[in-house]
>>> print(open('input.cif').read())   # mmCIF, C-alpha atoms
data_structure
loop_
_atom_site.group_PDB
_atom_site.id
_atom_site.type_symbol
_atom_site.label_atom_id
_atom_site.label_comp_id
_atom_site.auth_asym_id
_atom_site.auth_seq_id
_atom_site.Cartn_x
_atom_site.Cartn_y
_atom_site.Cartn_z
ATOM 1 C CA MET A 1330 -1.668 -58.409 35.096
ATOM 2 C CA LYS A 1331 -3.814 -57.449 38.046
ATOM 3 C CA SER A 1332 -1.530 -54.491 38.804
ATOM 4 C CA SER A 1333 -1.691 -53.132 35.254
ATOM 5 C CA ARG A 1334 -5.490 -53.492 35.277
ATOM 6 C CA ASN A 1335 -5.631 -51.575 38.568
ATOM 7 C CA SER A 1336 -3.479 -48.798 37.150
ATOM 8 C CA VAL A 1337 -5.739 -48.562 34.083
ATOM 9 C CA ASP A 1338 -8.780 -48.375 36.375
ATOM 10 C CA PHE A 1339 -7.049 -45.689 38.404
ATOM 11 C CA LEU A 1340 -6.237 -43.647 35.276
ATOM 12 C CA LEU A 1341 -9.845 -43.985 34.134
ATOM 13 C CA PHE A 1342 -11.000 -42.819 37.563
ATOM 14 C CA LEU A 1343 -8.706 -39.765 37.360
ATOM 15 C CA ALA A 1344 -10.047 -39.003 33.868
ATOM 16 C CA LEU A 1345 -13.609 -39.367 35.156
ATOM 17 C CA VAL A 1346 -12.888 -36.980 38.039
ATOM 18 C CA GLY A 1347 -11.373 -34.423 35.647
ATOM 19 C CA LEU A 1348 -14.157 -34.679 33.083
ATOM 20 C CA SER A 1349 -16.946 -34.497 35.653
ATOM 21 C CA ALA A 1350 -15.246 -31.489 37.296
ATOM 22 C CA TRP A 1351 -15.262 -29.803 33.883
ATOM 23 C CA ALA A 1352 -18.836 -30.849 33.042
ATOM 24 C CA VAL A 1353 -20.286 -29.547 36.323
ATOM 25 C CA PRO A 1354 -18.117 -27.302 38.528
ATOM 26 C CA GLY A 1355 -17.549 -29.104 41.839
ATOM 27 C CA ALA A 1356 -18.642 -32.546 40.593
ATOM 28 C CA GLY A 1357 -15.044 -33.804 40.666
ATOM 29 C CA HIS A 1358 -14.842 -33.066 44.387
ATOM 30 C CA LEU A 1359 -18.187 -34.774 44.905
ATOM 31 C CA LEU A 1360 -16.772 -37.937 43.299
ATOM 32 C CA ILE A 1361 -13.851 -38.000 45.736
ATOM 33 C CA ARG A 1362 -16.249 -37.487 48.668
ATOM 34 C CA GLN A 1363 -15.560 -33.814 49.357
ATOM 35 C CA PRO A 1364 -19.159 -32.514 49.355
ATOM 36 C CA LYS A 1365 -18.430 -29.238 51.181
ATOM 37 C CA ARG A 1366 -15.769 -28.240 48.642
ATOM 38 C CA ALA A 1367 -18.093 -29.352 45.817
ATOM 39 C CA VAL A 1368 -20.944 -27.115 47.003
ATOM 40 C CA ILE A 1369 -18.654 -24.113 47.573
ATOM 41 C CA ILE A 1370 -16.985 -24.459 44.156
ATOM 42 C CA PHE A 1371 -20.291 -24.964 42.337
ATOM 43 C CA ILE A 1372 -21.911 -21.900 43.916
ATOM 44 C CA ALA A 1373 -18.852 -19.673 43.390
ATOM 45 C CA VAL A 1374 -18.039 -20.698 39.800
ATOM 46 C CA ALA A 1375 -21.630 -20.966 38.521
ATOM 47 C CA GLY A 1376 -22.590 -17.761 40.372
ATOM 48 C CA LEU A 1377 -19.675 -15.862 38.844
ATOM 49 C CA PHE A 1378 -20.468 -17.107 35.326
ATOM 50 C CA VAL A 1379 -24.189 -16.302 35.616
ATOM 51 C CA THR A 1380 -23.363 -12.849 37.018
ATOM 52 C CA GLY A 1381 -21.079 -12.277 34.008
ATOM 53 C CA LEU A 1382 -23.925 -13.205 31.648
ATOM 54 C CA TYR A 1383 -26.328 -10.956 33.582
ATOM 55 C CA ILE A 1384 -23.933 -7.988 33.318
ATOM 56 C CA GLY A 1385 -22.950 -8.389 29.666
ATOM 57 C CA SER A 1386 -25.898 -10.499 28.400
ATOM 58 C CA LEU A 1387 -25.469 -13.561 26.165
ATOM 59 C CA GLY A 1388 -23.549 -11.224 23.841
ATOM 60 C CA VAL A 1389 -20.342 -11.884 25.813
ATOM 61 C CA LEU A 1390 -20.341 -15.421 24.356
ATOM 62 C CA GLU A 1391 -18.920 -14.387 21.005
ATOM 63 C CA PRO A 1392 -16.146 -16.706 19.743
ATOM 64 C CA ILE A 1393 -15.851 -15.168 16.266
ATOM 65 C CA GLN A 1394 -14.986 -11.542 16.998
ATOM 66 C CA THR A 1395 -13.143 -12.054 20.288
ATOM 67 C CA ALA A 1396 -9.728 -13.684 20.643
ATOM 68 C CA TRP A 1397 -9.668 -17.528 20.751
ATOM 69 C CA TYR A 1398 -8.174 -17.637 24.249
ATOM 70 C CA ILE A 1399 -11.159 -15.700 25.617
ATOM 71 C CA PHE A 1400 -13.542 -18.366 24.324
ATOM 72 C CA VAL A 1401 -11.262 -21.143 25.645
ATOM 73 C CA GLY A 1402 -11.333 -19.432 29.061
ATOM 74 C CA GLN A 1403 -15.142 -19.333 28.976
ATOM 75 C CA MET A 1404 -15.362 -22.955 27.804
ATOM 76 C CA LEU A 1405 -13.354 -24.066 30.864
ATOM 77 C CA THR A 1406 -16.421 -23.295 32.992
ATOM 78 C CA THR A 1407 -18.451 -26.139 31.473
ATOM 79 C CA PRO A 1408 -18.996 -27.673 28.009
ATOM 80 C CA ALA A 1409 -22.548 -26.290 28.208
ATOM 81 C CA VAL A 1410 -21.003 -22.898 27.322
ATOM 82 C CA GLY A 1411 -20.731 -24.225 23.746
ATOM 83 C CA MET A 1412 -24.497 -24.765 23.686
ATOM 84 C CA LEU A 1413 -25.150 -21.318 25.149
ATOM 85 C CA THR A 1414 -22.824 -19.831 22.525
ATOM 86 C CA GLN A 1415 -24.887 -21.467 19.765
ATOM 87 C CA MET A 1416 -28.009 -19.854 21.270
ATOM 88 C CA ALA A 1417 -26.260 -16.491 21.522
ATOM 89 C CA GLN A 1418 -25.121 -16.689 17.887
ATOM 90 C CA LYS A 1419 -28.680 -17.372 16.715
ATOM 91 C CA GLY A 1420 -30.100 -14.578 18.880
ATOM 92 C CA GLY A 1421 -27.664 -11.993 17.550
ATOM 93 C CA TYR A 1422 -27.068 -10.348 20.933
ATOM 94 C CA VAL A 1423 -24.580 -7.492 20.952
ATOM 95 C CA VAL A 1424 -22.764 -5.801 23.807
ATOM 96 C CA TYR A 1425 -20.212 -2.975 23.824
ATOM 97 C CA GLY A 1426 -18.239 -0.892 26.290
ATOM 98 C CA ARG A 1427 -17.948 -1.417 30.017
ATOM 99 C CA PRO A 1428 -20.660 -4.132 30.349
ATOM 100 C CA ALA A 1429 -18.849 -6.162 27.661
ATOM 101 C CA ASP A 1430 -15.499 -5.814 29.458
ATOM 102 C CA ILE A 1431 -16.882 -6.719 32.882
ATOM 103 C CA GLY A 1432 -19.035 -9.564 31.523
ATOM 104 C CA LEU A 1433 -16.056 -11.041 29.669
ATOM 105 C CA ILE A 1434 -13.803 -10.771 32.721
ATOM 106 C CA TYR A 1435 -16.394 -12.464 34.961
ATOM 107 C CA THR A 1436 -16.997 -15.367 32.549
ATOM 108 C CA ILE A 1437 -13.285 -15.923 31.866
ATOM 109 C CA ILE A 1438 -12.358 -15.824 35.556
ATOM 110 C CA ALA A 1439 -15.174 -18.348 36.236
ATOM 111 C CA GLY A 1440 -13.538 -20.662 33.683
ATOM 112 C CA LEU A 1441 -10.061 -20.204 35.136
ATOM 113 C CA LEU A 1442 -11.331 -20.836 38.679
ATOM 114 C CA ASN A 1443 -12.930 -24.033 37.400
ATOM 115 C CA LEU A 1444 -9.566 -25.019 35.867
ATOM 116 C CA LEU A 1445 -8.049 -24.573 39.340
ATOM 117 C CA SER A 1446 -10.756 -26.762 40.880
ATOM 118 C CA ILE A 1447 -10.370 -29.409 38.112
ATOM 119 C CA SER A 1448 -6.621 -29.699 38.730
ATOM 120 C CA ASN A 1449 -7.226 -29.726 42.490
ATOM 121 C CA ALA A 1450 -9.841 -32.519 42.244
ATOM 122 C CA VAL A 1451 -7.607 -34.661 40.002
ATOM 123 C CA TYR A 1452 -4.578 -34.115 42.241
ATOM 124 C CA MET A 1453 -6.588 -34.944 45.371
ATOM 125 C CA ALA A 1454 -7.864 -38.105 43.673
ATOM 126 C CA TYR A 1455 -4.288 -39.007 42.637
ATOM 127 C CA THR A 1456 -2.684 -38.525 46.025
ATOM 128 C CA GLY A 1457 -5.603 -39.416 48.269
ATOM 129 C CA ARG A 1458 -7.866 -36.987 50.078
ATOM 130 C CA GLY A 1459 -6.352 -34.252 52.225
ATOM 131 C CA ARG A 1460 -3.066 -33.792 50.370
ATOM 132 C CA LEU A 1461 -3.156 -30.614 48.333
ATOM 133 C CA ILE A 1462 -0.891 -28.745 45.913
ATOM 134 C CA GLY A 1463 0.891 -25.960 47.819
ATOM 135 C CA GLU A 1464 -1.480 -26.215 50.754
ATOM 136 C CA ASP A 1465 -1.804 -23.491 53.384
ATOM 137 C CA GLU A 1466 -0.474 -23.811 56.907
ATOM 138 C CA MET B 1475 -39.520 -16.023 35.195
ATOM 139 C CA ALA B 1476 -39.719 -14.634 31.669
ATOM 140 C CA GLU B 1477 -38.460 -11.277 32.954
ATOM 141 C CA LEU B 1478 -35.560 -13.001 34.650
ATOM 142 C CA LEU B 1479 -34.591 -14.825 31.449
ATOM 143 C CA ALA B 1480 -35.049 -11.660 29.412
ATOM 144 C CA SER B 1481 -32.557 -9.862 31.649
ATOM 145 C CA PHE B 1482 -29.842 -12.098 30.147
ATOM 146 C CA THR B 1483 -30.546 -10.850 26.626
ATOM 147 C CA THR B 1484 -29.667 -7.192 27.213
ATOM 148 C CA PRO B 1485 -26.587 -5.889 29.062
ATOM 149 C CA ILE B 1486 -27.053 -3.818 32.194
ATOM 150 C CA ASP B 1487 -26.121 -0.145 32.172
ATOM 151 C CA ILE B 1488 -22.641 0.478 33.605
ATOM 152 C CA GLY B 1489 -21.119 3.889 33.025
ATOM 153 C CA THR B 1490 -17.450 4.760 32.759
ATOM 154 C CA ASN B 1491 -17.349 6.246 36.241
ATOM 155 C CA PRO B 1492 -15.443 5.404 39.451
ATOM 156 C CA GLN B 1493 -18.484 3.494 40.805
ATOM 157 C CA SER B 1494 -18.060 0.893 38.061
ATOM 158 C CA MET B 1495 -14.876 -0.212 39.864
ATOM 159 C CA LEU B 1496 -17.107 -1.666 42.596
ATOM 160 C CA TRP B 1497 -17.809 -4.586 40.215
ATOM 161 C CA MET B 1498 -14.374 -5.959 41.077
ATOM 162 C CA PHE B 1499 -15.481 -6.924 44.607
ATOM 163 C CA PRO B 1500 -17.778 -9.875 43.675
ATOM 164 C CA LEU B 1501 -14.930 -11.114 41.484
ATOM 165 C CA LEU B 1502 -12.418 -10.875 44.327
ATOM 166 C CA ALA B 1503 -14.868 -12.643 46.657
ATOM 167 C CA ALA B 1504 -15.279 -15.551 44.202
ATOM 168 C CA ILE B 1505 -11.493 -15.833 43.759
ATOM 169 C CA ALA B 1506 -10.962 -15.878 47.542
ATOM 170 C CA ILE B 1507 -13.724 -18.482 48.074
ATOM 171 C CA VAL B 1508 -12.539 -20.928 45.385
ATOM 172 C CA TYR B 1509 -8.860 -20.495 46.288
ATOM 173 C CA LYS B 1510 -9.500 -21.252 49.950
ATOM 174 C CA ALA B 1511 -11.828 -24.169 49.076
ATOM 175 C CA THR B 1512 -9.009 -25.796 47.106
ATOM 176 C CA LYS B 1513 -6.167 -25.018 49.513
ATOM 177 C CA MET B 1514 -7.494 -25.866 52.975
ATOM 178 C CA ARG B 1515 -6.512 -29.352 54.130
ATOM 179 C CA VAL B 1516 -9.611 -29.877 56.305
ATOM 180 C CA LEU B 1517 -12.628 -27.697 55.620
ATOM 181 C CA PHE B 1518 -14.411 -26.418 58.724
ATOM 182 C CA TRP B 1519 -17.051 -23.783 57.968
ATOM 183 C CA GLY B 1520 -15.924 -21.313 60.645
ATOM 184 C CA ARG B 1521 -12.256 -21.435 59.763
ATOM 185 C CA PHE B 1522 -13.059 -21.393 56.048
ATOM 186 C CA ALA B 1523 -15.188 -18.237 56.433
ATOM 187 C CA LYS B 1524 -12.501 -16.518 58.515
ATOM 188 C CA GLU B 1525 -9.663 -17.324 56.103
ATOM 189 C CA THR B 1526 -11.767 -16.363 53.081
ATOM 190 C CA ILE B 1527 -12.604 -12.977 54.625
ATOM 191 C CA VAL B 1528 -8.919 -12.357 55.407
ATOM 192 C CA LEU B 1529 -7.902 -13.231 51.823
ATOM 193 C CA PHE B 1530 -10.734 -11.092 50.390
ATOM 194 C CA ALA B 1531 -9.629 -8.144 52.547
ATOM 195 C CA THR B 1532 -6.001 -8.635 51.471
ATOM 196 C CA LEU B 1533 -6.929 -8.722 47.764
ATOM 197 C CA SER B 1534 -9.211 -5.702 48.151
ATOM 198 C CA GLY B 1535 -6.495 -3.769 49.982
ATOM 199 C CA PHE B 1536 -3.954 -4.573 47.292
ATOM 200 C CA MET B 1537 -6.368 -3.461 44.555
ATOM 201 C CA ALA B 1538 -7.090 -0.220 46.438
ATOM 202 C CA VAL B 1539 -3.344 0.494 46.692
ATOM 203 C CA ALA B 1540 -2.968 -0.276 42.953
ATOM 204 C CA VAL B 1541 -5.787 2.195 42.153
ATOM 205 C CA VAL B 1542 -4.142 4.936 44.243
ATOM 206 C CA VAL B 1543 -0.665 4.367 42.751
ATOM 207 C CA LEU B 1544 -1.939 4.251 39.147
ATOM 208 C CA ASN B 1545 -4.018 7.417 39.671
ATOM 209 C CA LEU B 1546 -0.989 9.123 41.190
ATOM 210 C CA ILE B 1547 1.194 8.158 38.223
ATOM 211 C CA THR B 1548 -1.493 9.421 35.792
ATOM 212 C CA TRP B 1549 -1.825 12.684 37.740
ATOM 213 C CA LEU B 1550 1.963 13.205 37.759
ATOM 214 C CA ALA B 1551 2.245 12.408 34.048
ATOM 215 C CA THR B 1552 -0.576 14.747 33.017
ATOM 216 C CA SER B 1553 -0.074 17.687 35.387
#
>>> encode(input="input.cif", output="structure tokens")
Amino acid sequence: MKSSRNSVDFLLFLALVGLSAWAVPGAGHLLIRQPKRAVIIFIAVAGLFVTGLYIGSLGVLEPIQTAWYIFVGQMLTTPAVGMLTQMAQKGGYVVYGRPADIGLIYTIIAGLLNLLSISNAVYMAYTGRGRLIGEDE
Amino acid sequence: MAELLASFTTPIDIGTNPQSMLWMFPLLAAIAIVYKATKMRVLFWGRFAKETIVLFATLSGFMAVAVVVLNLITWLATS
């Protein structure tokens, strides 16, 4: 009984790590006491996403006319992207050409890098700190 | 502050010229930083910076080679 309760607690902890890593980039690493990694990931992912918005404006958050997988990629950065998208829809921002391409690429790559850090945080929480997937020498 | 927020409502001007390719370098830097942050077993700042710079240089070099090869193929196909 105690063992099954512990495993449920452990699964809930893993879910909490994953969800917090999605909610705020780097927060998953902060929960497993990896503050350096948390700071680095937060600055890199948030910086990349904000740079993408600066280049292409809020107009790059356009889930209706772009393909669904582009919006999914952007949403991987943080759920707050949904809120920003609502704002962008109301504002009617438009962007074309090279700024649109570069802005989209930046925001999608920010989301995919956050997916990497989410999986890394959950795996580190699962195995214990210091053991990584495909770690370097 | 208002100016800063307003800058997110209009896209910046980027032409279709070779200089626009320079926008790939911040992207490569972010990829190198996050990749190394997730892959290093123990994170020391000095070693992290060194390995990130090496990875960034490797990615940049590969992209430069890709640019040269693709331009060469285009030149051969159109000349």
>>> residues_around(input="input.cif", residues="Ala1350 of chain A", least_positions_apart="6", cutoff="6 Å", atoms="all atoms listed in the file", output="compact mmCIF listing (two decimals) with C-alpha atoms, keeping the file's coordinate frame")
# COMPACT_ATOMS: atom_id res chain seq x y z
CA ALA A 1356 -18.64 -32.55 40.59
CA GLY A 1357 -15.04 -33.80 40.67
CA ILE A 1447 -10.37 -29.41 38.11
>>> residues_around(input="input.cif", residues="segment 1486-1498 of chain B", least_positions_apart="2", cutoff="12 Å", atoms="all atoms listed in the file", output="number ranges by chain")
A: 1377, 1380-1388, 1424-1432, 1434-1435, 1438; B: 1480-1484, 1500-1505, 1530, 1533-1534, 1537-1538, 1541, 1545
>>> write_last_selection(input="input.cif", atoms="C-alpha atoms", output="compact mmCIF listing (two decimals), keeping the file's coordinate frame")
# COMPACT_ATOMS: atom_id res chain seq x y z
CA LEU A 1377 -19.68 -15.86 38.84
CA THR A 1380 -23.36 -12.85 37.02
CA GLY A 1381 -21.08 -12.28 34.01
CA LEU A 1382 -23.92 -13.20 31.65
CA TYR A 1383 -26.33 -10.96 33.58
CA ILE A 1384 -23.93 -7.99 33.32
CA GLY A 1385 -22.95 -8.39 29.67
CA SER A 1386 -25.90 -10.50 28.40
CA LEU A 1387 -25.47 -13.56 26.16
CA GLY A 1388 -23.55 -11.22 23.84
CA VAL A 1424 -22.76 -5.80 23.81
CA TYR A 1425 -20.21 -2.98 23.82
CA GLY A 1426 -18.24 -0.89 26.29
CA ARG A 1427 -17.95 -1.42 30.02
CA PRO A 1428 -20.66 -4.13 30.35
CA ALA A 1429 -18.85 -6.16 27.66
CA ASP A 1430 -15.50 -5.81 29.46
CA ILE A 1431 -16.88 -6.72 32.88
CA GLY A 1432 -19.04 -9.56 31.52
CA ILE A 1434 -13.80 -10.77 32.72
CA TYR A 1435 -16.39 -12.46 34.96
CA ILE A 1438 -12.36 -15.82 35.56
CA ALA B 1480 -35.05 -11.66 29.41
CA SER B 1481 -32.56 -9.86 31.65
CA PHE B 1482 -29.84 -12.10 30.15
CA THR B 1483 -30.55 -10.85 26.63
CA THR B 1484 -29.67 -7.19 27.21
CA PRO B 1500 -17.78 -9.88 43.68
CA LEU B 1501 -14.93 -11.11 41.48
CA LEU B 1502 -12.42 -10.88 44.33
CA ALA B 1503 -14.87 -12.64 46.66
CA ALA B 1504 -15.28 -15.55 44.20
CA ILE B 1505 -11.49 -15.83 43.76
CA PHE B 1530 -10.73 -11.09 50.39
CA LEU B 1533 -6.93 -8.72 47.76
CA SER B 1534 -9.21 -5.70 48.15
CA MET B 1537 -6.37 -3.46 44.56
CA ALA B 1538 -7.09 -0.22 46.44
CA VAL B 1541 -5.79 2.19 42.15
CA ASN B 1545 -4.02 7.42 39.67
>>> closest_residue(input="input.cif", among="B:Lys1513, B:Val1508, B:Phe1499, B:Phe1518", to="Gly1535 of chain B", atoms="only C-alpha atoms")
B:Phe1499
>>> axis_aligned_box(input="input.cif", around="segment 1373-1392 of chain A", padding_each_side="3 Å", output="lines of an AutoDock Vina configuration file")
center_x = -21.2
center_y = -14.5
center_z = 31.6
size_x = 16.2
size_y = 19.0
size_z = 29.6
>>> atom_distance(input="input.cif", atom1="atom CA of Val1516 of chain B", atom2="atom CA of Phe1342 of chain A")
22.8 Å
>>> build_atoms(input="input.cif", residues="segment 1345-1356 of chain A", atoms="N, CA and C atoms", output="PDB file, in the frame of the given file")
ATOM      1  N   LEU A1345     -12.192 -39.589  34.826  1.00  0.00           N
ATOM      2  CA  LEU A1345     -13.609 -39.367  35.156  1.00  0.00           C
ATOM      3  C   LEU A1345     -13.760 -38.177  36.107  1.00  0.00           C
ATOM      4  N   VAL A1346     -12.851 -38.106  37.089  1.00  0.00           N
ATOM      5  CA  VAL A1346     -12.888 -36.980  38.039  1.00  0.00           C
ATOM      6  C   VAL A1346     -12.679 -35.668  37.293  1.00  0.00           C
ATOM      7  N   GLY A1347     -11.673 -35.644  36.402  1.00  0.00           N
ATOM      8  CA  GLY A1347     -11.373 -34.423  35.647  1.00  0.00           C
ATOM      9  C   GLY A1347     -12.526 -34.014  34.740  1.00  0.00           C
ATOM     10  N   LEU A1348     -13.068 -34.987  34.021  1.00  0.00           N
ATOM     11  CA  LEU A1348     -14.157 -34.679  33.083  1.00  0.00           C
ATOM     12  C   LEU A1348     -15.426 -34.239  33.808  1.00  0.00           C
ATOM     13  N   SER A1349     -15.731 -34.901  34.928  1.00  0.00           N
ATOM     14  CA  SER A1349     -16.946 -34.497  35.653  1.00  0.00           C
ATOM     15  C   SER A1349     -16.757 -33.123  36.292  1.00  0.00           C
ATOM     16  N   ALA A1350     -15.519 -32.824  36.731  1.00  0.00           N
ATOM     17  CA  ALA A1350     -15.246 -31.489  37.296  1.00  0.00           C
ATOM     18  C   ALA A1350     -15.404 -30.411  36.230  1.00  0.00           C
ATOM     19  N   TRP A1351     -15.080 -30.758  34.982  1.00  0.00           N
ATOM     20  CA  TRP A1351     -15.262 -29.803  33.883  1.00  0.00           C
ATOM     21  C   TRP A1351     -16.749 -29.691  33.522  1.00  0.00           C
ATOM     22  N   ALA A1352     -17.427 -30.843  33.456  1.00  0.00           N
ATOM     23  CA  ALA A1352     -18.836 -30.849  33.042  1.00  0.00           C
ATOM     24  C   ALA A1352     -19.709 -30.050  34.002  1.00  0.00           C
ATOM     25  N   VAL A1353     -19.537 -30.290  35.296  1.00  0.00           N
ATOM     26  CA  VAL A1353     -20.286 -29.547  36.323  1.00  0.00           C
ATOM     27  C   VAL A1353     -19.272 -29.078  37.375  1.00  0.00           C
ATOM     28  N   PRO A1354     -19.085 -27.778  37.522  1.00  0.00           N
ATOM     29  CA  PRO A1354     -18.117 -27.302  38.528  1.00  0.00           C
ATOM     30  C   PRO A1354     -18.410 -27.901  39.907  1.00  0.00           C
ATOM     31  N   GLY A1355     -17.389 -28.502  40.504  1.00  0.00           N
ATOM     32  CA  GLY A1355     -17.549 -29.104  41.839  1.00  0.00           C
ATOM     33  C   GLY A1355     -17.855 -30.588  41.815  1.00  0.00           C
ATOM     34  N   ALA A1356     -18.258 -31.118  40.659  1.00  0.00           N
ATOM     35  CA  ALA A1356     -18.642 -32.546  40.593  1.00  0.00           C
ATOM     36  C   ALA A1356     -17.439 -33.460  40.824  1.00  0.00           C
TER      37      ALA A1356
END
